[in-house]
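Here is the file upload34.txt (compact mmCIF, C-alpha atoms).
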# COMPACT_ATOMS: atom_id res chain seq x y z
CA MET I 1213 38.70 -23.90 -56.94
CA ARG I 1214 36.65 -21.83 -54.58
CA ASP I 1215 32.95 -22.07 -54.65
CA ASN I 1216 31.42 -18.98 -53.17
CA SER I 1217 27.91 -20.06 -53.98
CA SER I 1218 25.60 -21.65 -51.47
CA ALA I 1219 22.39 -23.50 -51.89
CA THR I 1220 21.03 -21.87 -48.77
CA PRO I 1221 22.05 -18.24 -48.44
CA SER I 1222 22.97 -17.28 -44.90
CA VAL I 1223 20.59 -14.93 -43.16
CA ARG I 1224 21.99 -12.78 -40.40
CA THR I 1225 19.58 -12.86 -37.50
CA PRO I 1226 19.48 -9.66 -35.49
CA ILE I 1227 20.39 -9.99 -31.84
CA LEU I 1228 17.50 -8.93 -29.66
CA ARG I 1229 18.48 -7.15 -26.50
CA PRO I 1230 16.57 -8.15 -23.39
CA GLN I 1231 14.15 -5.68 -21.88
CA PRO I 1232 15.47 -3.75 -18.86
CA SER I 1233 14.67 -5.56 -15.65
CA GLY I 1234 11.63 -4.26 -13.85
CA LEU I 1235 13.37 -4.85 -10.54
CA TRP I 1236 16.40 -2.73 -11.49
CA LEU I 1237 14.22 0.09 -12.76
CA GLY I 1238 12.16 -0.16 -9.61
CA LEU I 1239 15.36 0.10 -7.59
CA VAL I 1240 16.27 3.35 -9.36
CA GLY I 1241 12.85 4.75 -8.50
CA VAL I 1242 13.11 3.66 -4.88
CA ALA I 1243 16.56 5.25 -4.55
CA ALA I 1244 15.05 8.53 -5.75
CA PHE I 1245 12.04 8.23 -3.43
CA SER I 1246 14.16 7.34 -0.38
CA LEU I 1247 15.16 11.00 -0.04
CA THR I 1248 11.58 12.25 -0.15
CA VAL I 1249 10.88 12.02 3.60
CA PRO I 1250 14.19 13.62 4.76
CA PHE I 1251 13.91 16.43 2.21
CA THR I 1252 10.28 17.02 3.17
CA LYS I 1253 11.41 17.27 6.79
CA ILE I 1254 14.03 19.85 5.76
CA ALA I 1255 11.53 21.84 3.69
CA VAL I 1256 8.79 22.00 6.36
CA ALA I 1257 11.24 23.75 8.69
CA GLY I 1258 10.78 26.90 6.60
CA LEU I 1259 7.83 26.34 4.28
CA SER I 1260 4.22 25.51 5.08
CA PRO I 1261 3.18 21.88 4.53
CA LEU I 1262 0.33 23.01 2.25
CA PHE I 1263 2.78 24.93 0.05
CA ILE I 1264 5.19 21.97 -0.08
CA GLY I 1265 2.49 19.42 -0.88
CA SER I 1266 0.87 21.53 -3.59
CA GLY I 1267 3.84 23.55 -4.84
CA ARG I 1268 5.94 20.50 -5.63
CA ALA I 1269 3.07 19.16 -7.75
CA VAL I 1270 2.80 22.49 -9.60
CA LEU I 1271 6.54 22.46 -10.33
CA ALA I 1272 6.34 18.88 -11.59
CA ALA I 1273 3.22 19.67 -13.64
CA ILE I 1274 5.08 22.43 -15.50
CA LEU I 1275 7.80 19.93 -16.45
CA ALA I 1276 5.20 17.30 -17.35
CA ALA I 1277 3.16 19.63 -19.57
CA SER I 1278 6.32 20.74 -21.36
CA ALA I 1279 7.41 17.14 -21.98
CA LEU I 1280 3.97 16.13 -23.28
CA ALA I 1281 3.75 19.15 -25.59
CA LEU I 1282 7.27 18.85 -26.98
CA SER I 1283 6.85 15.13 -27.71
CA ARG I 1284 3.30 15.63 -29.04
CA GLN I 1285 1.82 12.81 -27.03
CA PRO I 1286 -1.70 11.69 -28.00
CA LEU I 1287 -4.47 12.34 -25.50
CA PRO I 1288 -5.60 9.46 -23.26
CA ARG I 1289 -8.88 7.86 -24.28
CA GLY I 1290 -12.11 6.91 -22.56
CA THR I 1291 -11.70 5.30 -19.14
CA GLN I 1292 -8.00 6.09 -19.14
CA TRP I 1293 -8.95 9.56 -17.87
CA LEU I 1294 -10.76 8.05 -14.89
CA ARG I 1295 -7.78 5.81 -14.14
CA LEU I 1296 -5.45 8.80 -14.38
CA ALA I 1297 -7.67 10.54 -11.84
CA VAL I 1298 -7.04 7.64 -9.44
CA VAL I 1299 -3.29 7.97 -9.99
CA ALA I 1300 -3.44 11.72 -9.48
CA ALA I 1301 -5.51 11.40 -6.29
CA GLY I 1302 -3.02 8.90 -4.85
CA VAL I 1303 0.48 10.05 -5.78
CA VAL I 1304 0.01 13.70 -6.81
CA ILE I 1305 -2.48 14.87 -4.17
CA GLY I 1306 -2.81 12.33 -1.34
CA PHE I 1307 0.73 11.19 -0.57
CA PRO I 1308 2.53 14.58 -0.85
CA LEU I 1309 -0.02 16.51 1.22
CA LEU I 1310 -0.47 13.88 3.92
CA THR I 1311 3.28 13.31 4.42
CA SER I 1312 4.01 17.05 4.43
CA PHE I 1313 1.52 17.67 7.24
CA ALA I 1314 2.63 14.56 9.15
CA LEU I 1315 6.32 15.46 9.09
CA THR I 1316 5.72 18.79 10.78
CA SER I 1317 5.38 16.92 14.07
CA THR I 1318 7.23 13.61 13.70
CA PRO I 1319 10.85 12.64 12.93
CA ALA I 1320 11.74 11.46 9.43
CA SER I 1321 12.95 8.10 10.77
CA HIS I 1322 9.59 7.55 12.49
CA GLY I 1323 7.77 8.34 9.25
CA ALA I 1324 10.03 5.95 7.35
CA VAL I 1325 9.03 3.02 9.58
CA VAL I 1326 5.30 3.63 9.13
CA ILE I 1327 5.75 4.12 5.37
CA ALA I 1328 7.57 0.76 5.32
CA LEU I 1329 4.07 -0.70 4.97
CA LEU I 1330 4.00 0.58 1.40
CA PRO I 1331 5.40 -2.56 -0.33
CA ALA I 1332 2.75 -4.83 1.16
CA ALA I 1333 0.08 -2.17 0.60
CA THR I 1334 1.08 -1.82 -3.06
CA ALA I 1335 1.04 -5.59 -3.52
CA THR I 1336 -2.40 -5.72 -1.89
CA ALA I 1337 -3.73 -2.99 -4.17
CA ALA I 1338 -2.30 -4.83 -7.18
CA VAL I 1339 -3.98 -8.06 -6.04
CA LEU I 1340 -7.36 -6.39 -5.63
CA ARG I 1341 -7.05 -4.39 -8.86
CA GLY I 1342 -5.93 -7.44 -10.84
CA ARG I 1343 -8.59 -9.71 -9.27
CA GLU I 1344 -6.01 -12.26 -8.25
CA ARG I 1345 -6.48 -14.88 -5.55
CA PRO I 1346 -3.49 -14.79 -3.22
CA GLN I 1347 -2.71 -17.55 -0.81
CA ARG I 1348 -3.81 -17.18 2.79
CA ALA I 1349 -0.18 -16.57 3.78
CA PHE I 1350 -0.24 -13.32 1.79
CA TRP I 1351 -3.05 -11.88 3.87
CA LEU I 1352 -1.49 -13.14 7.10
CA ALA I 1353 1.83 -11.47 6.33
CA THR I 1354 0.14 -8.26 5.19
CA SER I 1355 -1.95 -8.13 8.36
CA ALA I 1356 1.12 -8.78 10.49
CA GLY I 1357 2.92 -5.90 8.76
CA ALA I 1358 0.00 -3.57 9.41
CA VAL I 1359 -0.10 -4.57 13.08
CA ALA I 1360 3.67 -4.08 13.37
CA ALA I 1361 3.55 -0.60 11.82
CA ILE I 1362 0.57 0.53 13.88
CA GLY I 1363 2.07 -1.00 17.02
CA PHE I 1364 5.36 0.81 16.42
CA ALA I 1365 3.58 4.12 15.91
CA ALA I 1366 1.51 3.57 19.06
CA VAL I 1367 4.54 2.72 21.21
CA GLN I 1368 6.41 5.77 19.91
CA SER I 1369 3.36 7.91 20.69
CA GLY I 1370 2.98 6.58 24.23
CA GLY I 1371 0.28 3.93 23.76
CA PHE I 1372 -2.66 3.03 21.55
CA GLY I 1373 -4.79 5.63 23.30
CA GLN I 1374 -2.28 8.32 22.35
CA LEU I 1375 -1.76 7.52 18.67
CA HIS I 1376 -0.82 10.85 17.12
CA ALA I 1377 -2.63 12.44 14.23
CA ALA I 1378 0.68 12.35 12.33
CA ASP I 1379 0.62 8.55 12.43
CA LEU I 1380 -2.88 8.49 10.97
CA LEU I 1381 -1.75 10.88 8.25
CA LEU I 1382 1.21 8.63 7.45
CA LEU I 1383 -1.02 5.55 7.25
CA GLY I 1384 -3.36 7.47 4.98
CA SER I 1385 -0.44 8.44 2.76
CA VAL I 1386 0.53 4.76 2.48
CA ALA I 1387 -2.98 3.83 1.33
CA ALA I 1388 -3.05 6.70 -1.18
CA ALA I 1389 0.36 5.88 -2.64
CA ALA I 1390 -0.38 2.14 -2.85
CA ILE I 1391 -3.53 2.72 -4.89
CA GLY I 1392 -1.77 5.23 -7.12
CA TYR I 1393 1.22 2.93 -7.65
CA ALA I 1394 -0.91 -0.10 -8.53
CA GLU I 1395 -3.19 1.75 -10.94
CA GLY I 1396 -0.29 3.69 -12.42
CA GLY I 1397 1.70 0.52 -13.01
CA LEU I 1398 -1.18 -0.98 -14.98
CA LEU I 1399 -1.87 2.22 -16.88
CA ALA I 1400 1.82 2.62 -17.77
CA ARG I 1401 1.49 -0.53 -19.90
CA GLU I 1402 -0.91 1.38 -22.12
CA LEU I 1403 0.29 4.98 -22.02
CA GLY I 1404 3.96 4.57 -21.13
CA ALA I 1405 5.75 5.22 -17.84
CA TRP I 1406 6.56 8.91 -17.98
CA GLN I 1407 3.39 9.67 -19.92
CA THR I 1408 1.26 8.22 -17.11
CA VAL I 1409 2.72 10.37 -14.35
CA SER I 1410 2.81 13.39 -16.67
CA TRP I 1411 -0.89 13.19 -17.52
CA ALA I 1412 -1.72 12.64 -13.83
CA LEU I 1413 0.25 15.76 -12.89
CA VAL I 1414 -1.45 17.84 -15.60
CA MET I 1415 -4.87 16.58 -14.52
CA ALA I 1416 -4.26 17.56 -10.88
CA ALA I 1417 -2.60 20.89 -11.78
CA PRO I 1418 -5.69 23.19 -11.45
CA LEU I 1419 -6.41 21.99 -7.91
CA MET I 1420 -2.76 22.11 -6.87
CA VAL I 1421 -2.31 25.63 -8.30
CA PHE I 1422 -5.34 26.76 -6.27
CA LEU I 1423 -3.97 25.17 -3.08
CA ALA I 1424 -0.54 26.67 -3.68
CA ALA I 1425 -2.12 30.12 -4.13
CA VAL I 1426 -4.06 29.70 -0.89
CA SER I 1427 -0.90 28.69 0.97
CA VAL I 1428 1.04 31.68 -0.38
CA THR I 1429 -1.77 34.00 0.70
CA GLN I 1430 -1.86 32.52 4.19
CA GLN I 1431 1.90 32.29 4.65
CA PRO I 1432 4.25 33.81 2.05
CA PRO I 1433 7.06 31.29 1.45
CA VAL I 1434 10.36 32.34 3.03
CA ALA I 1435 13.08 29.71 3.30
CA THR I 1436 16.81 29.16 3.35
CA PRO I 1437 18.70 28.01 0.23
CA ALA I 1438 18.88 24.48 1.66
CA GLN I 1439 15.12 24.40 2.20
CA TRP I 1440 14.46 25.66 -1.33
CA ALA I 1441 16.86 23.04 -2.69
CA ALA I 1442 14.95 20.33 -0.78
CA PHE I 1443 11.69 21.68 -2.22
CA ALA I 1444 13.16 21.60 -5.74
CA TYR I 1445 14.19 17.96 -5.29
CA LEU I 1446 10.67 17.07 -4.18
CA GLY I 1447 9.18 18.68 -7.27
CA VAL I 1448 11.66 17.61 -9.92
CA VAL I 1449 12.77 14.15 -8.72
CA SER I 1450 10.30 12.80 -6.15
CA MET I 1451 7.29 14.05 -8.06
CA PHE I 1452 8.43 13.61 -11.66
CA LEU I 1453 11.71 11.99 -12.70
CA GLY I 1454 11.58 9.20 -10.10
CA PHE I 1455 8.33 7.94 -11.58
CA PHE I 1456 9.96 7.45 -14.98
CA ALA I 1457 11.87 4.45 -13.65
CA TRP I 1458 9.30 3.39 -11.05
CA TYR I 1459 6.25 3.15 -13.31
CA ARG I 1460 8.33 1.59 -16.06
CA GLY I 1461 9.49 -1.08 -13.61
CA LEU I 1462 5.91 -1.71 -12.45
CA ALA I 1463 4.75 -1.87 -16.08
CA ILE I 1464 7.29 -4.60 -16.82
CA GLY I 1465 6.07 -6.21 -13.60
CA PRO I 1466 4.67 -8.21 -12.11
CA ILE I 1467 3.69 -5.38 -9.76
CA ALA I 1468 3.62 -7.58 -6.64
CA ARG I 1469 7.19 -8.69 -7.37
CA VAL I 1470 8.65 -5.31 -8.35
CA SER I 1471 7.15 -3.75 -5.23
CA GLN I 1472 9.60 -5.88 -3.22
CA VAL I 1473 12.37 -3.39 -3.94
CA GLN I 1474 10.46 -0.88 -1.83
CA LEU I 1475 11.60 -2.89 1.16
CA ILE I 1476 14.95 -1.12 1.07
CA GLN I 1477 13.33 2.32 0.97
CA PRO I 1478 12.78 2.68 4.75
CA VAL I 1479 16.33 1.49 5.37
CA LEU I 1480 17.71 4.10 2.98
CA THR I 1481 15.40 6.77 4.39
CA ILE I 1482 16.47 6.11 7.98
CA CYS I 1483 20.11 6.28 6.91
CA TRP I 1484 19.49 9.57 5.09
CA ALA I 1485 17.67 10.93 8.16
CA ALA I 1486 20.66 10.12 10.33
CA LEU I 1487 23.14 11.56 7.82
CA LEU I 1488 21.28 14.71 6.72
CA LEU I 1489 19.19 15.51 9.78
CA GLY I 1490 21.35 14.08 12.56
CA GLU I 1491 18.47 11.96 13.90
CA ALA I 1492 19.51 9.31 16.39
CA LEU I 1493 18.87 5.68 15.52
CA THR I 1494 17.09 4.21 18.55
CA TRP I 1495 16.62 0.51 19.13
CA SER I 1496 12.84 0.90 18.90
CA THR I 1497 13.17 2.49 15.46
CA VAL I 1498 15.54 -0.22 14.23
CA LEU I 1499 13.46 -3.10 15.61
CA GLY I 1500 10.18 -1.55 14.46
CA GLY I 1501 11.52 -1.01 10.97
CA LEU I 1502 12.92 -4.55 10.83
CA ALA I 1503 9.58 -6.05 11.89
CA VAL I 1504 7.63 -4.12 9.27
CA ILE I 1505 10.17 -4.91 6.54
CA LEU I 1506 10.14 -8.64 7.32
CA CYS I 1507 6.34 -8.77 7.27
CA ALA I 1508 6.14 -6.77 4.06
CA GLY I 1509 8.80 -8.97 2.48
CA ALA I 1510 6.87 -12.10 3.38
CA ALA I 1511 3.69 -10.63 1.90
CA VAL I 1512 5.09 -9.69 -1.49
CA ARG I 1513 7.03 -12.95 -1.85
CA VAL I 1514 3.98 -15.15 -1.49
CA ARG I 1515 3.19 -16.67 -4.87
CA LEU I 1516 -0.08 -15.31 -6.24
CA ARG I 1517 -2.63 -17.57 -7.89
CA PRO I 1518 -4.53 -15.91 -10.77
CA ALA I 1519 -8.29 -16.00 -10.60
CA PRO I 1520 -10.11 -18.24 -13.13
CA ALA I 1521 -11.78 -15.17 -14.64
CA GLN I 1522 -8.38 -13.59 -15.11
CA ALA I 1523 -6.96 -16.65 -16.85
CA ALA I 1524 -9.93 -16.67 -19.25
CA ALA I 1525 -9.66 -12.99 -20.07
CA VAL I 1526 -9.00 -11.72 -23.54
CA PRO I 1527 -5.42 -12.57 -24.55
CA GLY I 1528 -3.10 -9.61 -24.67
CA SER I 1529 -4.98 -7.52 -22.14
CA ALA I 1530 -2.90 -5.65 -19.59
CA LEU I 1531 -4.50 -7.48 -16.67
CA SER I 1532 -4.57 -11.04 -17.96
CA SER I 1533 -1.69 -11.69 -20.29
CA PRO I 1534 1.29 -13.33 -18.58
CA VAL I 1535 3.61 -11.93 -21.24
CA LEU I 1536 3.33 -8.16 -21.31
CA GLN I 1537 4.21 -6.00 -24.25
CA PRO I 1538 6.73 -3.35 -23.28
CA ALA I 1539 5.16 0.04 -22.75
CA LYS I 1540 6.21 2.91 -24.88
CA ASP I 1541 8.26 5.55 -23.20
The structure in this file should be written as structure tokens.
Amino acid sequence: MRDNSSATPSVRTPILRPQPSGLWLGLVGVAAFSLTVPFTKIAVAGLSPLFIGSGRAVLAAILAASALALSRQPLPRGTQWLRLAVVAAGVVIGFPLLTSFALTSTPASHGAVVIALLPAATATAAVLRGRERPQRAFWLATSAGAVAAIGFAAVQSGGFGQLHAADLLLLGSVAAAAIGYAEGGLLARELGAWQTVSWALVMAAPLMVFLAAVSVTQQPPVATPAQWAAFAYLGVVSMFLGFFAWYRGLAIGPIARVSQVQLIQPVLTICWAALLLGEALTWSTVLGGLAVILCAGAAVRVRLRPAPAQAAAVPGSALSSPVLQPAKD
């Protein structure tokens, strides 16, 4: 006789799928960003750097505003607006404009080596923003990476006394992007990944529309289909879609660890420059890039020690909790 009854009824436990890896999402973002420098170099051959730097932001802002309106996203609150302003200043205004002007007078492969400082710079910004106490080795490796990048730029320019303005612009773009990445990664835990970059684009839109209008007045844009296609990539992918994966990866974090995937960006960029632009790979470029990548890799791999104040922070906060809630996106 069968007995289908049971004293303890079975309960089917749902299988929880693991969250997407922050490193893999970061890798998707880096792959998208790796084409930014070569495509900027293609675009500046026919379009003014001011138009490229501002126009790509206007194009992305149109997409961002549409996405926010269609999904009826709630408005940011309180200090989130100030933090969005930091993100906008770094990745919407600072990095695009500075790199566009720099690449009018320097090869894409040269720019890629200097921008290779970005992983260590992002990790440094995350350390300072999160009030962590890194080991001394972190600062040593970061300093070594900075010296390697500046030394490479100086040698390529003919000496430290002849450091080109383009190199200073590239270093400035690294600082701007690092601050924007670190703050955006933290803010994405509250607003969501694509929401963060979208609100930053909308916030910066009035200024970028004004700059784009000024550039059109000064030099009406006339370009080849390839140059317009490069501009479209910069606006749609580099300025908008790429941040979906990148900020989501940083939000999953930790930021200092996810930023490691940026180490492959200069390698990819140099390869794209050789393939798309026909730029020769010189030994100085290869060795300079390798030195910067090794130093940046050492910096972001150093284990960070949280500050006592951070450990005692309110549980569940975005800056203190070791287990982060996934951001909505």
Would you work out the distance separating CA of Ala1361 (chain I) from CA of Leu1329 (chain I), expressed in Å to one decimal?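 Taking CA of Ala1361 (chain I) as the start and CA of Leu1329 (chain I) as the end point, the length is 6.9 Å.
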Around the point (15.6, 23.1, 0.4) (coordinates from the file), which residues reach within 10 Å if we count all atoms listed in the file? Answer as a PyMOL selection string. chain I and resi 1251-1259+1435-1446
Which protein, DNA or RNA residues are at most 9 Å from (17.4, 5.5, 7.5) in the file's coordinates when you count only C-alpha atoms, listed as a ChimeraX atom specification? /I:1246,1320-1321,1324-1325,1477-1487,1493
Could you take the residues named above and write them with C-alpha atoms, as a PDB file, keeping the file's coordinate frame?
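Output below, filename again_29.pdb:
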ATOM      1  CA  SER I1246      14.160   7.340  -0.380  1.00  0.00           C
ATOM      2  CA  ALA I1320      11.740  11.460   9.430  1.00  0.00           C
ATOM      3  CA  SER I1321      12.950   8.100  10.770  1.00  0.00           C
ATOM      4  CA  ALA I1324      10.030   5.950   7.350  1.00  0.00           C
ATOM      5  CA  VAL I1325       9.030   3.020   9.580  1.00  0.00           C
ATOM      6  CA  GLN I1477      13.330   2.320   0.970  1.00  0.00           C
ATOM      7  CA  PRO I1478      12.780   2.680   4.750  1.00  0.00           C
ATOM      8  CA  VAL I1479      16.330   1.490   5.370  1.00  0.00           C
ATOM      9  CA  LEU I1480      17.710   4.100   2.980  1.00  0.00           C
ATOM     10  CA  THR I1481      15.400   6.770   4.390  1.00  0.00           C
ATOM     11  CA  ILE I1482      16.470   6.110   7.980  1.00  0.00           C
ATOM     12  CA  CYS I1483      20.110   6.280   6.910  1.00  0.00           C
ATOM     13  CA  TRP I1484      19.490   9.570   5.090  1.00  0.00           C
ATOM     14  CA  ALA I1485      17.670  10.930   8.160  1.00  0.00           C
ATOM     15  CA  ALA I1486      20.660  10.120  10.330  1.00  0.00           C
ATOM     16  CA  LEU I1487      23.140  11.560   7.820  1.00  0.00           C
ATOM     17  CA  LEU I1493      18.870   5.680  15.520  1.00  0.00           C
TER      18      LEU I1493
END
Just want the 7 Å neighbourhood of region 1384-1389 of chain I, counted on all atoms listed in the file, with same-chain residues fewer than 6 positions away dropped. Output as a PyMOL selection string. chain I and resi 1302-1303+1306-1307+1310-1311+1327+1329-1330+1333
Work out how far CA of Pro1319 (chain I) is from CA of Ala1503 (chain I), in Å to one decimal.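 Between these atoms lies a distance of 18.8 Å.
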Incomplete region 1394-1417 of chain I filled out to N, CA and C atoms as a PDB file, keeping the file's coordinate frame:
ATOM      1  N   ALA I1394      -0.340   1.071  -7.862  1.00  0.00           N
ATOM      2  CA  ALA I1394      -0.910  -0.100  -8.530  1.00  0.00           C
ATOM      3  C   ALA I1394      -1.624   0.292  -9.817  1.00  0.00           C
ATOM      4  N   GLU I1395      -2.466   1.322  -9.748  1.00  0.00           N
ATOM      5  CA  GLU I1395      -3.190   1.750 -10.940  1.00  0.00           C
ATOM      6  C   GLU I1395      -2.244   2.351 -11.966  1.00  0.00           C
ATOM      7  N   GLY I1396      -1.253   3.098 -11.500  1.00  0.00           N
ATOM      8  CA  GLY I1396      -0.290   3.690 -12.420  1.00  0.00           C
ATOM      9  C   GLY I1396       0.557   2.648 -13.110  1.00  0.00           C
ATOM     10  N   GLY I1397       0.921   1.586 -12.391  1.00  0.00           N
ATOM     11  CA  GLY I1397       1.700   0.520 -13.010  1.00  0.00           C
ATOM     12  C   GLY I1397       0.951  -0.175 -14.121  1.00  0.00           C
ATOM     13  N   LEU I1398      -0.358  -0.375 -13.931  1.00  0.00           N
ATOM     14  CA  LEU I1398      -1.180  -0.980 -14.980  1.00  0.00           C
ATOM     15  C   LEU I1398      -1.374  -0.021 -16.149  1.00  0.00           C
ATOM     16  N   LEU I1399      -1.615   1.235 -15.830  1.00  0.00           N
ATOM     17  CA  LEU I1399      -1.870   2.220 -16.880  1.00  0.00           C
ATOM     18  C   LEU I1399      -0.608   2.505 -17.692  1.00  0.00           C
ATOM     19  N   ALA I1400       0.558   2.374 -17.063  1.00  0.00           N
ATOM     20  CA  ALA I1400       1.820   2.620 -17.770  1.00  0.00           C
ATOM     21  C   ALA I1400       2.029   1.615 -18.905  1.00  0.00           C
ATOM     22  N   ARG I1401       1.390   0.446 -18.832  1.00  0.00           N
ATOM     23  CA  ARG I1401       1.490  -0.530 -19.900  1.00  0.00           C
ATOM     24  C   ARG I1401       0.760  -0.067 -21.160  1.00  0.00           C
ATOM     25  N   GLU I1402      -0.145   0.879 -20.992  1.00  0.00           N
ATOM     26  CA  GLU I1402      -0.910   1.380 -22.120  1.00  0.00           C
ATOM     27  C   GLU I1402      -0.410   2.740 -22.608  1.00  0.00           C
ATOM     28  N   LEU I1403      -0.098   3.623 -21.663  1.00  0.00           N
ATOM     29  CA  LEU I1403       0.290   4.980 -22.020  1.00  0.00           C
ATOM     30  C   LEU I1403       1.798   5.185 -22.052  1.00  0.00           C
ATOM     31  N   GLY I1404       2.536   4.351 -21.324  1.00  0.00           N
ATOM     32  CA  GLY I1404       3.960   4.570 -21.130  1.00  0.00           C
ATOM     33  C   GLY I1404       4.218   5.075 -19.720  1.00  0.00           C
ATOM     34  N   ALA I1405       5.426   4.898 -19.228  1.00  0.00           N
ATOM     35  CA  ALA I1405       5.750   5.220 -17.840  1.00  0.00           C
ATOM     36  C   ALA I1405       5.698   6.715 -17.562  1.00  0.00           C
ATOM     37  N   TRP I1406       6.519   7.482 -18.276  1.00  0.00           N
ATOM     38  CA  TRP I1406       6.560   8.910 -17.980  1.00  0.00           C
ATOM     39  C   TRP I1406       5.289   9.614 -18.439  1.00  0.00           C
ATOM     40  N   GLN I1407       4.637   9.064 -19.459  1.00  0.00           N
ATOM     41  CA  GLN I1407       3.390   9.670 -19.920  1.00  0.00           C
ATOM     42  C   GLN I1407       2.309   9.560 -18.846  1.00  0.00           C
ATOM     43  N   THR I1408       2.282   8.425 -18.138  1.00  0.00           N
ATOM     44  CA  THR I1408       1.260   8.220 -17.110  1.00  0.00           C
ATOM     45  C   THR I1408       1.369   9.255 -16.008  1.00  0.00           C
ATOM     46  N   VAL I1409       2.562   9.405 -15.434  1.00  0.00           N
ATOM     47  CA  VAL I1409       2.720  10.370 -14.350  1.00  0.00           C
ATOM     48  C   VAL I1409       2.557  11.794 -14.867  1.00  0.00           C
ATOM     49  N   SER I1410       2.949  12.047 -16.112  1.00  0.00           N
ATOM     50  CA  SER I1410       2.810  13.390 -16.670  1.00  0.00           C
ATOM     51  C   SER I1410       1.347  13.790 -16.815  1.00  0.00           C
ATOM     52  N   TRP I1411       0.529  12.881 -17.370  1.00  0.00           N
ATOM     53  CA  TRP I1411      -0.890  13.190 -17.520  1.00  0.00           C
ATOM     54  C   TRP I1411      -1.562  13.333 -16.159  1.00  0.00           C
ATOM     55  N   ALA I1412      -1.149  12.518 -15.179  1.00  0.00           N
ATOM     56  CA  ALA I1412      -1.720  12.640 -13.830  1.00  0.00           C
ATOM     57  C   ALA I1412      -1.388  13.990 -13.221  1.00  0.00           C
ATOM     58  N   LEU I1413      -0.156  14.454 -13.418  1.00  0.00           N
ATOM     59  CA  LEU I1413       0.250  15.760 -12.890  1.00  0.00           C
ATOM     60  C   LEU I1413      -0.536  16.884 -13.558  1.00  0.00           C
ATOM     61  N   VAL I1414      -0.699  16.808 -14.871  1.00  0.00           N
ATOM     62  CA  VAL I1414      -1.450  17.840 -15.600  1.00  0.00           C
ATOM     63  C   VAL I1414      -2.904  17.846 -15.152  1.00  0.00           C
ATOM     64  N   MET I1415      -3.475  16.668 -14.947  1.00  0.00           N
ATOM     65  CA  MET I1415      -4.870  16.580 -14.520  1.00  0.00           C
ATOM     66  C   MET I1415      -5.085  17.224 -13.157  1.00  0.00           C
ATOM     67  N   ALA I1416      -4.118  17.026 -12.244  1.00  0.00           N
ATOM     68  CA  ALA I1416      -4.260  17.560 -10.880  1.00  0.00           C
ATOM     69  C   ALA I1416      -3.803  19.012 -10.773  1.00  0.00           C
ATOM     70  N   ALA I1417      -3.209  19.556 -11.842  1.00  0.00           N
ATOM     71  CA  ALA I1417      -2.600  20.890 -11.780  1.00  0.00           C
ATOM     72  C   ALA I1417      -3.569  21.997 -11.339  1.00  0.00           C
TER      73      ALA I1417
END
